[in-house]
Number of protein chains: 4
Amino acid sequence: MIIQLSATISPEDKQSIISRVNKLGYKPNEVRTQKRDYIVAIGKKEFDIRILGSMPGITDIHRVSDDYKLVSAKWKVGRTAIDLGDGVFIGDGSLAIMAGPCSIENEMQIEATINHLKENNVRIMRGGVFKPRSSPYAFRGLGIDGLKLWYSLAKKAGIKIVSEVMQVSQIAEMVDYVDIFQVGARNTQNFNLLDELGKVDKPVMIKRGISGTIEELLSSAEYVFSAGNEKLMLCERGIRTYEKASRNTFDINAIPILREKSHLPVLADPSHGIGIRDYVEPIALAAAIAGADGIIYETHQKPEEAFSDGQQTLDFIESTKLISKLTRVQALSGGV
Amino acid sequence: MIIQLSATISPEDKQSIISRVNKLGYKPNEVRTQKRDYIVAIGKKEFDIRILGSMPGITDIHRVSDDYKLVSAKWKVGRTAIDLGDGVFIGDGSLAIMAGPCSIENEMQIEATINHLKENNVRIMRGGVFKPRSSPYAFRGLGIDGLKLWYSLAKKAGIKIVSEVMQVSQIAEMVDYVDIFQVGARNTQNFNLLDELGKVDKPVMIKRGISGTIEELLSSAEYVFSAGNEKLMLCERGIRTYEKASRNTFDINAIPILREKSHLPVLADPSHGIGIRDYVEPIALAAAIAGADGIIYETHQKPEEAFSDGQQTLDFIESTKLISKLTRVQALSGGV
Amino acid sequence: MIIQLSATISPEDKQSIISRVNKLGYKPNEVRTQKRDYIVAIGKKEFDIRILGSMPGITDIHRVSDDYKLVSAKWKVGRTAIDLGDGVFIGDGSLAIMAGPCSIENEMQIEATINHLKENNVRIMRGGVFKPRSSPYAFRGLGIDGLKLWYSLAKKAGIKIVSEVMQVSQIAEMVDYVDIFQVGARNTQNFNLLDELGKVDKPVMIKRGISGTIEELLSSAEYVFSAGNEKLMLCERGIRTYEKASRNTFDINAIPILREKSHLPVLADPSHGIGIRDYVEPIALAAAIAGADGIIYETHQKPEEAFSDGQQTLDFIESTKLISKLTRVQALSGGV
Amino acid sequence: MIIQLSATISPEDKQSIISRVNKLGYKPNEVRTQKRDYIVAIGKKEFDIRILGSMPGITDIHRVSDDYKLVSAKWKVGRTAIDLGDGVFIGDGSLAIMAGPCSIENEMQIEATINHLKENNVRIMRGGVFKPRSSPYAFRGLGIDGLKLWYSLAKKAGIKIVSEVMQVSQIAEMVDYVDIFQVGARNTQNFNLLDELGKVDKPVMIKRGISGTIEELLSSAEYVFSAGNEKLMLCERGIRTYEKASRNTFDINAIPILREKSHLPVLADPSHGIGIRDYVEPIALAAAIAGADGIIYETHQKPEEAFSDGQQTLDFIESTKLISKLTRVQALSGGV
């Protein structure tokens with residue numbers, strides 16, 4: 001049960017509500033987000049909702065049977081849209097495109113990518129400066145200095161930045177230099193990280209776990225939301241299955257299911273979803289027509305020389321072609 | 001290695017080729033299909049292909065490193081198209097649509113479905129008369145009499161029939177009353193059935209196994225082809241994964257991968273692929289834009305009363321809407 | 001619901017029971033096995049079981065909530081034991097051992113294997129004469145002549161035979177030359193085959209599907225049982241997962257779960273379960289101590305020259321060592 | 001390639017080796033553990049190992065083709081044993097037993113558990129004070145105060161403690177109050193956490209990821225080892241598969257495979273591995289006989305009242321029975 005509180009509720013009224021919730025056999029959780037205050041009440045008992053409804057300080061009450069509550073579509077009228085500033089939105093009905101290299105490598109690479117994005121009217125650049133790598137001997141990214149350099153160049157160009165945060169201590173380091181914090185597939189259930197991201201006033205995009213369920217992804221989002229941050233996005237990036245013909249199995253089913261279950265924007269990452277350069281395009285188009293709010297993919301001026309993920313990275317010609325096709329699918333989609 | 005033989009090759013010349021292949025350390029397999037004769041030579045040794053190339057009776061020679069050979073895209077110029085007669089094609093660049101109930105139930109249901117298809121210019125009707133069911137106590141289909149009734153009504157209406165064959169003894173029973181034999185997901189590796197379908201002059205559509213790999217699907221197709229039948233289609237229908245939010249996980253990745261690996265038409269079954277009525281449409285559209293040669297889905301005049309699979313079956317209004325959207329995606333796709 | 005009928009029930013009394021079952025809103029299925037007659041009633045409605053209990057001709061009634069009924073442990077007092085004759089039993093509390101090559105190859109190989117088994121007091125030999133192979137170009141087994149040769153040698157030596165049947169037409173061919181019909185992992189849901197094996201008076205061992213669930217395995221067994229054959233065994237042989245360090249993932253959990261859910265004997269196949277020769281022993285021991293009624297594994301006088309599965313096949317020295325360890329684990333197990 | 005350095009190597013000699021490694025086309029990584037210094041050289045080129053072998057300051061050189069190096073069994077003579085002090089060892093050939101509740105709840109529960117362990121000569125107690133929970137509204141553990149209380153009681157009783165660390169900031173908090181840091185299944189690829197645990201002089205037990213591969217588990221261990229900590233253990237705890245009859249699929253295959261690939265001790269967690277109280281025992285016995293160096297399982301004086309995981313937790317009577325059986329299997333195992 002989600003109880004929305006009025007902005008002007010008195011401490012006494014709030015306390016009365018909490019006491020009443022407790023008496024009903026529910027466990028109340030106080031949630032204060034950047035937007036408003038809620039009490040999320042966890043329990044199963046039946047009761048007459050009017051007992052609460054008439055109490056002062058309550059704006060609205062919603063029963064939500066899902067294990068996740070605040071991210072559920074069952075209570076929120078309308079879908080969540082994320083405003084990145086400068087007219088850049090995610091989840092407002094347009095198709096957001098985020099493109100860029102797996103790893104940020106150097107100034108030249110950043111500039112080449114920014115130019116490519118600007119030529120194609122893409123407003124958000126992806127890139128990693130802290131890289132989770134299976135092997136401790138592999139390249140782990142340029143770190144915070146790389147991010148600062150990237151940010152200064154991107155800001156000048158009016159490009160927004162999405163980049164992965166791997167641990168709590170990086171949040172403060174990164175917060176002034178990113179527009180979206182990405183939680184990677186290996187950190188979807190890093191609950192401490194999620195808790196801390198809930199306290200930040202920056203949008204967060206959570207990738208589905210390497211073999212995470214849809215339910216787990218939504219529960220992870222619930223962590224961030226209930227810790228205070230409503231600016232949330234979900235991202236399908238392929239799951240681990242027995243099939244080895246592709247790097248992962250892109251779960252196209254997750255796109256409509258996530259959009260039905262949650263009011264949050266749903267992104268798709270076809271690069272990791274299939275992991276093979278030649279097939280990134282059809283998977284991106286499929287995700288778009290299935291209803292994704294945005295596509296995030298890897299592109300590099302010379303994929304074969306990329307520090308990481310070259311095998312699934314588009315060159316700029318392929319990227320340009322993909323953007324053009326996505327635009328046409330999106331035009332159709334409105335009308336389909 | 002695939003050696004294409006000339007139509008007029010003499011027995012002596014053929015024998016010489018076989019002997020030479022044996023001497024090269026390859027195992028020759030004589031393959032005679034409805035279209036032509038081949039020798040499929042299995043082995044790994046390196047040799048100068050000109051040794052064979054100059055022998056009389058050989059039209060062409062192709063090295064194919066895949067484990068499957070005849071269904072591989074590595075040797076055949078152009079893609080395979082299936083001609084069902086009366087101007088109905090699969091794999092010719094158009095998007096084939098096959099729709100109908102899970103199970104054939106009775107005359108009224110057949111007629112209602114046929115009318116629905118005709119109104120929407122759909123030329124192929126799906127339906128099961130032999131139903132593989134996990135439980136021995138469940139409805140197992142109307143059997144051959146149901147098929148005969150269905151066939152007579154469909155033929156009159158100019159509608160082609162695709163229906164599942166479950167065992168060898170049904171092939172002869174069914175052959176005069178189907179336009180396409182469907183091999184179901186539980187029979188993808190029923191090798192005896194595949195062998196026998198290779199001897200029939202009727203198109204065959206093989207569904208991917210419940211947790212079959214792409215490689216296994218292609219090897220199953222190789223059984224039918226090498227036993228003589230080149231009129232083959234592949235069908236992605238979702239795979240079994242840990243995710244239980246949908247009945248199966250539709251492997252959208254398989255669409256472009258199968259089309260790259262094989263010259264055979266690739267169909268998609270979104271009904272089984274996601275298993276939830278409300279989401280059949282987005283998965284169907286996704287498969288179409290990702291390159292599928294056709295879509296096969298379940299529709300019924302009253303899904304809630306269907307003998308089986310009602311939860312994933314579209315009603316005729318939803319079906320009409322889907323067909324219209326597929327048509328527009330296909331129009332775009334040519335141009336995308 | 002399972003209604004056990006008395007051996008002397010009159011047709012009229014049987015008909016009365018069927019009518020009553022129908023009236024209760026249940027669907028009655030008449031089942032006649034080699035041992036006795038049942039009515040398996042499918043339905044969910046609540047009713048007072050005494051309505052049926054007092055009817056003449058009924059020996060006993062059991063409510064069974066599982067989807068499978070006759071193979072469920074919920075109605076049968078005691079576990080099923082299979083008597084192969086000559087003092088060879090499966091499921092009687094001893095640990096049955098079945099060993100032999102993947103494929104039957106020739107007389108010398110059969111004799112070497114029989115000698116090895118006799119030296120170790122193993123009474124059941126496994127081997128394939130009809131081989132399901134992914135590729136149509138691979139060795140498919142010696143066929144029925146190989147089986148006849150094998151049978152004549154085994155019979156002389158007092159060794160029982162278990163061998164795979166791949167299709168309905170092979171049942172009649174094989175029936176006089178096998179002691180146990182094996183249904184392979186690719187045929188677990190070949191329902192026509194299961195139906196026909198229900199009509200035969202020979203024990204049947206059903207392997208779990210390549211990615212079959214425990215529930216599906218039990219439902220497949222229900223097919224055979226409800227078609228008349230109570231002499232049934234189940235076999236865990238590893239399932240398909242994302243992990244590629246072993247050929248399959250041996251599902252050790254399935255051993256105690258199957259033994260709890262069903263009264264049928266549960267065998268374990270560690271050779272396919274892990275697929276790596278060096279590790280067959282620990283998996284066999286693990287299965288035995290976890291409660292398996294028997295172990296079936298591959299052994300060959302020269303594994304490196306075996307026609308198939310050499311990489312997971314024990315030589316006779318390893319096999320002897322394994323048998324000795326299994327015996328000691330079994331001795332402990334009684335006492336553990 | 002692993003180059004073991006002598007304890008007395010001069011900085012100049014070390015530098016010379018690094019230069020030479022670089023010239024050979026390998027990337028040198030300096031590793032200093034609590035025990036000794038290494039250079040781990042990453043690369044693929046062929047060269048004559050004697051070029052390095054004759055250089056001063058080198059104790060030994062080993063080629064290791066695995067992606068993980070220091071945890072590989074390919075270079076280390078003998079297996080790693082962990083000394084917890086007071087005569088408590090893991091990996092010394094005995095079977096280590098770790099038992100206790102999912103969550104530490106209160107003083108009474110701790111004391112009851114300690115008494116139970118002492119009665120059964122179990123020296124290591126498991127328990128969580130920081131609990132990773134899918135839902136933000138679930139009980140998250142008593143935290144550091146719970147740990148301190150537990151530690152004081154356990155120390156008095158001569159019982160060692162293993163407990164999960166969820167994030168970097170908890171390491172310093174916990175280090176004086178645990179004997180083994182546990183890395184949970186959701187943190188197996190939390191690389192920052194692994195790096196920091198490499199700097200601590202306390203044993204670390206890494207659980208396999210929820211759907212982690214064996215290879216990934218070993219690479220995660222490589223993180224800790226290469227960051228300085230050689231006191232490492234691996235733990236199989238079941239993987240995520242399509243099968244839902246058990247909570248996870250305990251991968252019994254992983255036990256012998258991990259023991260072959262790595263010199264580190266291999267633990268087994270049957271409680272999470274099957275997730276059903278009645279079947280914890282057979283899985284524990286199976287893991288022991290398959291070669292596990294230890295068993296970690298959940299026990300509670302009243303499982304039905306446990307704060308978490310009650311459905312897979314043994315009561316003390318079941319626990320006592322299990323310990324007795326494990327002891328007998330272990331006695332046999334030496335002799336098997």
# chains A, B, ... in the order shown; residues from 1 in each chain; ligands from 1
$ residues_around --residues "region 37-46 of chain C" --least-positions-apart "6" --cutoff "8 Å" --atoms "only C-alpha atoms" --output "JSON, numbers by chain"
{"B": [137], "C": [1, 2, 3, 4, 5, 6, 7, 18, 21, 24, 25, 26, 27, 28, 29, 30, 31, 69, 70]}
$ interface_residues --of "chain A" --to "chain B" --cutoff "10 Å" --atoms "only C-alpha atoms" --output "MDAnalysis selection string"
chainID A and resid 211:215 238:258 260 270 273:276 278:291 321:322 324:329 332:333 335:336
$ select_by_dssp --residues "region 222-315 of chain D" --states "strand (DSSP E or B)" --output "VMD selection string"
chain D and resid 232 to 236 239 249 251 262 266 to 268 294 to 299 314
$ residues_around --residues "region 202-209 of chain D" --least-positions-apart "5" --cutoff "7 Å" --atoms "only C-alpha atoms" --output "list in words"
Asp179, Ile180, Phe181, Gln182, Val183, Gly184, Ala185, Arg186, Thr188, Leu217, Lys231, Leu232, Met233, Leu234, Cys235, Glu236 and Arg237 of chain D
$ closest_residue --among "D:Ala99, D:Leu218, D:Glu230, D:Asp60" --to "Lys35 (chain D)" --atoms "only C-alpha atoms"
D:Glu230
